[in-house]
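Asks: Let me give you the structure first, and then I'll get to my questions.
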Amino acid sequence: MEYKNICKAEFISRPNRFIAELLIQGQRTNCHVKNTGRCKELLTSKAVVYVERNMNPERKTPCSLIAVRKGERIVNIDSQAPNKVFYEALLDRKIKLPGFEEITYVKAEKTYKRSRFDFYVESHEKKAFIEVKGVTLEENGVAKFPDAPTVRGVKHILELVQARREGYYASIVFIIQMNRIQYFTPNDETHGEFGEALRLAAKEGVNILAYECDVTPCTIDVNGKECPIVL
């Protein structure tokens, strides 16, 4: 996945979930934040960030915050990126679903009962519901999710469990929006209920996968490395 019109900036503050104040070429500028998570460990004073300039003159903000430099890593924080990255990687076979060696049909945003899952996938003999989660939180080389409580995320997991019980293949795929990760684990300290739901899903046969990405200021792509899961 590639962005256009990327420039470097310096983070100043985040007045609310949707807006960040940045210093771009010496000028204070309000920027749209494409992530409603906390990102507190990333959006620190004077952090180097990367923004995509908007070409639409009707937009309220002239740019969108895409990525943050954290030490030697660049972390993509665009919450819309994981689904696009997953889809590209699935077609390129960088992400492989067990039992789906030949995929015959893929549909985004498929409704099941009261949930709308990110993807519905078919092979010749199997049908699957897939939920994709983007991961931006890293501590000492360990990727964690979520970085803020997510009632919606718990609901999706429990309905994936129900789909699995009814004979569907079900999977949660964590797209880690950075590289050089040791393993993935649920962030029980932030939202223990999510971790409990994820462990239940694993026991019920929901497949849990995590893939890291190579990230630059203007690109993000699954690099094919599947990360170990520690529940």
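Ordered as shown in the structure tokens, chains take letters A, B, and onward, while each chain numbers its residues from 1 and ligands are numbered from 1 in the order shown.
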Hey, what's within 10 Å of stretch 70-75 of chain A if we count only C-alpha atoms and toss same-chain stuff fewer than 2 positions away? As a count of residues only, please?

Replies: 28

Asks: Run DSSP on the backbone and grab whatever in stretch 19-222 of chain A lands in strand (DSSP E or B); send it over as a PyMOL selection string.

Replies: chain A and resi 19-24+27-33+48-53+63-70+73-76+105-112+115-122+127-135+137-139+142-145+169-176+183-186+207-216+219-222

Asks: Just the residues within 12 Å of stretch 116-127 of chain A, please, counting only C-alpha atoms, with nothing from its chain fewer than 5 positions along; format it as a VMD selection string.

Replies: chain A and resid 80 82 to 84 86 to 87 90 to 91 96 to 111 132 to 134 152 to 153 155 to 160 163 to 164 166 to 173

Asks: Hey, what does DSSP flag as alpha helix (DSSP H) within stretch 66-217 of chain A? Can you give it to me as a PyMOL selection string?

Replies: chain A and resi 81-91+151-165+192-203

Asks: Report, in Å to a single decimal, how far apart atom CA of A:Ala201 and atom CA of A:Lys225 are.

Replies: 22.7 Å

Asks: Looking at A:Ile175, A:Ala20, A:Ala128, A:Val85, which one is nearest to A:Asn207, with distances taken over only C-alpha atoms?

Replies: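 Looking only at the distances to A:Asn207, the closest residue turns out to be A:Ala128.
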
Asks: Just want the 12 Å neighbourhood of A:Pro186, counted on only C-alpha atoms, with same-chain residues fewer than 4 positions away dropped. Output as an mmCIF file with N, CA and C atoms, in the first residue's frame.

Replies:
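Result file result.cif:
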data_model
loop_
_atom_site.group_PDB
_atom_site.id
_atom_site.type_symbol
_atom_site.label_atom_id
_atom_site.label_comp_id
_atom_site.auth_asym_id
_atom_site.auth_seq_id
_atom_site.Cartn_x
_atom_site.Cartn_y
_atom_site.Cartn_z
ATOM 1 N N LYS A 133 -7.513 -6.674 12.686
ATOM 2 C CA LYS A 133 -7.224 -5.657 13.683
ATOM 3 C C LYS A 133 -5.833 -5.079 13.438
ATOM 4 N N VAL A 135 -2.496 -3.163 14.693
ATOM 5 C CA VAL A 135 -1.752 -3.082 15.956
ATOM 6 C C VAL A 135 -0.665 -2.015 15.842
ATOM 7 N N LEU A 137 0.668 -0.697 19.024
ATOM 8 C CA LEU A 137 1.320 -0.665 20.336
ATOM 9 C C LEU A 137 2.434 -1.701 20.404
ATOM 10 N N GLU A 138 3.626 -1.251 20.767
ATOM 11 C CA GLU A 138 4.792 -2.137 20.907
ATOM 12 C C GLU A 138 5.536 -1.790 22.184
ATOM 13 N N VAL A 142 7.493 -6.447 21.746
ATOM 14 C CA VAL A 142 6.256 -7.222 21.829
ATOM 15 C C VAL A 142 5.088 -6.363 21.349
ATOM 16 N N ALA A 143 4.316 -6.877 20.402
ATOM 17 C CA ALA A 143 3.147 -6.165 19.897
ATOM 18 C C ALA A 143 1.939 -6.506 20.753
ATOM 19 N N LYS A 144 1.119 -5.477 21.077
ATOM 20 C CA LYS A 144 -0.039 -5.688 21.941
ATOM 21 C C LYS A 144 -1.272 -4.996 21.367
ATOM 22 N N PHE A 145 -2.414 -5.595 21.645
ATOM 23 C CA PHE A 145 -3.706 -5.021 21.248
ATOM 24 C C PHE A 145 -4.725 -5.384 22.311
ATOM 25 N N PRO A 146 -5.618 -4.418 22.643
ATOM 26 C CA PRO A 146 -5.754 -3.048 22.125
ATOM 27 C C PRO A 146 -4.936 -2.061 22.944
ATOM 28 N N ASP A 147 -4.855 -0.818 22.454
ATOM 29 C CA ASP A 147 -4.194 0.220 23.243
ATOM 30 C C ASP A 147 -5.227 1.068 23.980
ATOM 31 N N ALA A 148 -6.516 0.717 23.800
ATOM 32 C CA ALA A 148 -7.625 1.342 24.527
ATOM 33 C C ALA A 148 -8.757 0.326 24.582
ATOM 34 N N PRO A 149 -9.613 0.356 25.613
ATOM 35 C CA PRO A 149 -10.715 -0.610 25.691
ATOM 36 C C PRO A 149 -11.568 -0.601 24.418
ATOM 37 N N GLY A 153 -14.645 -4.644 19.754
ATOM 38 C CA GLY A 153 -13.729 -5.733 19.451
ATOM 39 C C GLY A 153 -14.116 -7.022 20.149
ATOM 40 N N VAL A 154 -14.547 -6.923 21.413
ATOM 41 C CA VAL A 154 -15.001 -8.111 22.155
ATOM 42 C C VAL A 154 -16.233 -8.698 21.485
ATOM 43 N N PHE A 174 -4.274 -10.123 13.135
ATOM 44 C CA PHE A 174 -3.692 -8.887 13.641
ATOM 45 C C PHE A 174 -2.611 -8.418 12.671
ATOM 46 N N THR A 190 -4.800 -3.238 29.721
ATOM 47 C CA THR A 190 -5.680 -2.188 29.227
ATOM 48 C C THR A 190 -7.123 -2.661 29.115
ATOM 49 N N HIS A 191 -7.325 -3.906 28.658
ATOM 50 C CA HIS A 191 -8.689 -4.426 28.500
ATOM 51 C C HIS A 191 -8.668 -5.941 28.678
ATOM 52 N N GLY A 192 -8.807 -6.367 29.934
ATOM 53 C CA GLY A 192 -8.759 -7.786 30.249
ATOM 54 C C GLY A 192 -9.855 -8.584 29.570
ATOM 55 N N GLU A 193 -11.024 -7.973 29.352
ATOM 56 C CA GLU A 193 -12.132 -8.686 28.728
ATOM 57 C C GLU A 193 -11.801 -9.078 27.295
ATOM 58 N N PHE A 194 -11.046 -8.221 26.607
ATOM 59 C CA PHE A 194 -10.640 -8.566 25.245
ATOM 60 C C PHE A 194 -9.722 -9.782 25.259
ATOM 61 N N GLY A 195 -8.754 -9.808 26.175
ATOM 62 C CA GLY A 195 -7.859 -10.951 26.280
ATOM 63 C C GLY A 195 -8.599 -12.230 26.604
ATOM 64 N N GLU A 196 -9.576 -12.151 27.505
ATOM 65 C CA GLU A 196 -10.382 -13.324 27.847
ATOM 66 C C GLU A 196 -11.158 -13.824 26.638
ATOM 67 N N ALA A 197 -11.732 -12.902 25.868
ATOM 68 C CA ALA A 197 -12.488 -13.290 24.679
ATOM 69 C C ALA A 197 -11.575 -13.929 23.642
ATOM 70 N N LEU A 198 -10.357 -13.412 23.522
ATOM 71 C CA LEU A 198 -9.421 -13.961 22.543
ATOM 72 C C LEU A 198 -8.994 -15.374 22.930
ATOM 73 N N ARG A 199 -8.771 -15.608 24.210
ATOM 74 C CA ARG A 199 -8.398 -16.950 24.665
ATOM 75 C C ARG A 199 -9.563 -17.932 24.492
ATOM 76 N N ILE A 208 -6.141 -17.643 15.134
ATOM 77 C CA ILE A 208 -5.586 -16.328 15.461
ATOM 78 C C ILE A 208 -4.221 -16.200 14.794
ATOM 79 N N ALA A 210 -1.050 -13.349 13.362
ATOM 80 C CA ALA A 210 -0.465 -12.014 13.448
ATOM 81 C C ALA A 210 0.665 -11.908 12.440
ATOM 82 N N ILE A 229 2.044 -16.146 18.575
ATOM 83 C CA ILE A 229 0.957 -15.643 19.415
ATOM 84 C C ILE A 229 1.154 -16.171 20.837
ATOM 85 N N VAL A 230 1.136 -15.296 21.816
ATOM 86 C CA VAL A 230 1.248 -15.680 23.217
ATOM 87 C C VAL A 230 -0.030 -15.235 23.922
ATOM 88 N N LEU A 231 -0.856 -16.196 24.306
ATOM 89 C CA LEU A 231 -2.135 -15.867 24.945
ATOM 90 C C LEU A 231 -2.063 -16.060 26.465
#

Asks: Rounded to one decimal in Å, what is the spacing between atom CA of A:Glu204 and atom CA of A:Thr185?

Replies: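 So the answer is 17.9 Å.
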
Asks: Please determine, counting only C-alpha atoms, which residue among A:Leu22, A:Ile181, A:Ile95, A:Cys39 has the shortest atom-to-atom distance to A:Thr61.

Replies: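 The answer is A:Leu22, which sits nearest to A:Thr61.
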
Asks: Just want the 9 Å neighbourhood of A:Lys4, counted on only C-alpha atoms, with same-chain residues fewer than 4 positions away dropped. Output as an MDAnalysis selection string.

Replies: chainID A and resid 52:53 218

Asks: Would you put the residues from that selection into a file with N, CA and C atoms, as a compact mmCIF listing (two decimals), in the first residue's frame?

Replies:
# COMPACT_ATOMS: atom_id res chain seq x y z
N GLU A 52 0.26 12.91 5.15
CA GLU A 52 -0.12 12.90 3.74
C GLU A 52 -0.92 14.18 3.47
N ARG A 53 -0.42 14.99 2.58
CA ARG A 53 -1.10 16.24 2.25
C ARG A 53 -2.38 15.94 1.48
N CYS A 218 6.04 6.33 3.34
CA CYS A 218 4.99 6.38 2.32
C CYS A 218 4.44 5.01 1.91

Asks: Please provide the set of residues having any atom within 7 Å of A:Ser45, restricted to only C-alpha atoms, with same-chain residues fewer than 5 positions apart removed, written as a list in words.

Replies: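 Here the answer would be Phe11, Ile12 and Ser13 of chain A.
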
Asks: Those same residues, written as a PDB file, in the first residue's frame with N, CA and C atoms?

Replies:
ATOM      1  N   PHE A  11       5.582  16.537  15.946  1.00  0.00           N
ATOM      2  CA  PHE A  11       4.366  16.510  16.755  1.00  0.00           C
ATOM      3  C   PHE A  11       4.460  17.508  17.894  1.00  0.00           C
ATOM      4  N   ILE A  12       3.360  18.250  18.107  1.00  0.00           N
ATOM      5  CA  ILE A  12       3.287  19.206  19.214  1.00  0.00           C
ATOM      6  C   ILE A  12       2.294  18.732  20.260  1.00  0.00           C
ATOM      7  N   SER A  13       1.038  18.513  19.863  1.00  0.00           N
ATOM      8  CA  SER A  13       0.017  18.112  20.823  1.00  0.00           C
ATOM      9  C   SER A  13      -1.148  17.462  20.088  1.00  0.00           C
TER      10      SER A  13
END

Asks: Residues within 10 Å of A:Lys60, please, as a PyMOL selection string. Count only C-alpha atoms; anything in the same chain fewer than 4 positions from it doesn't count.

Replies: chain A and resi 30-32+54+56

Asks: What separation in Å, quoted to one decimal, exists between atom CA of A:Pro228 and atom CA of A:Leu209?

Replies: 8.1 Å

Asks: Which residue, A:Tyr211, A:Gln162, A:Gly205, A:Glu88, has the smallest gap to A:Arg114 when you use only C-alpha atoms?

Replies: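 Ranked by minimum distance to A:Arg114, first place goes to A:Gln162.
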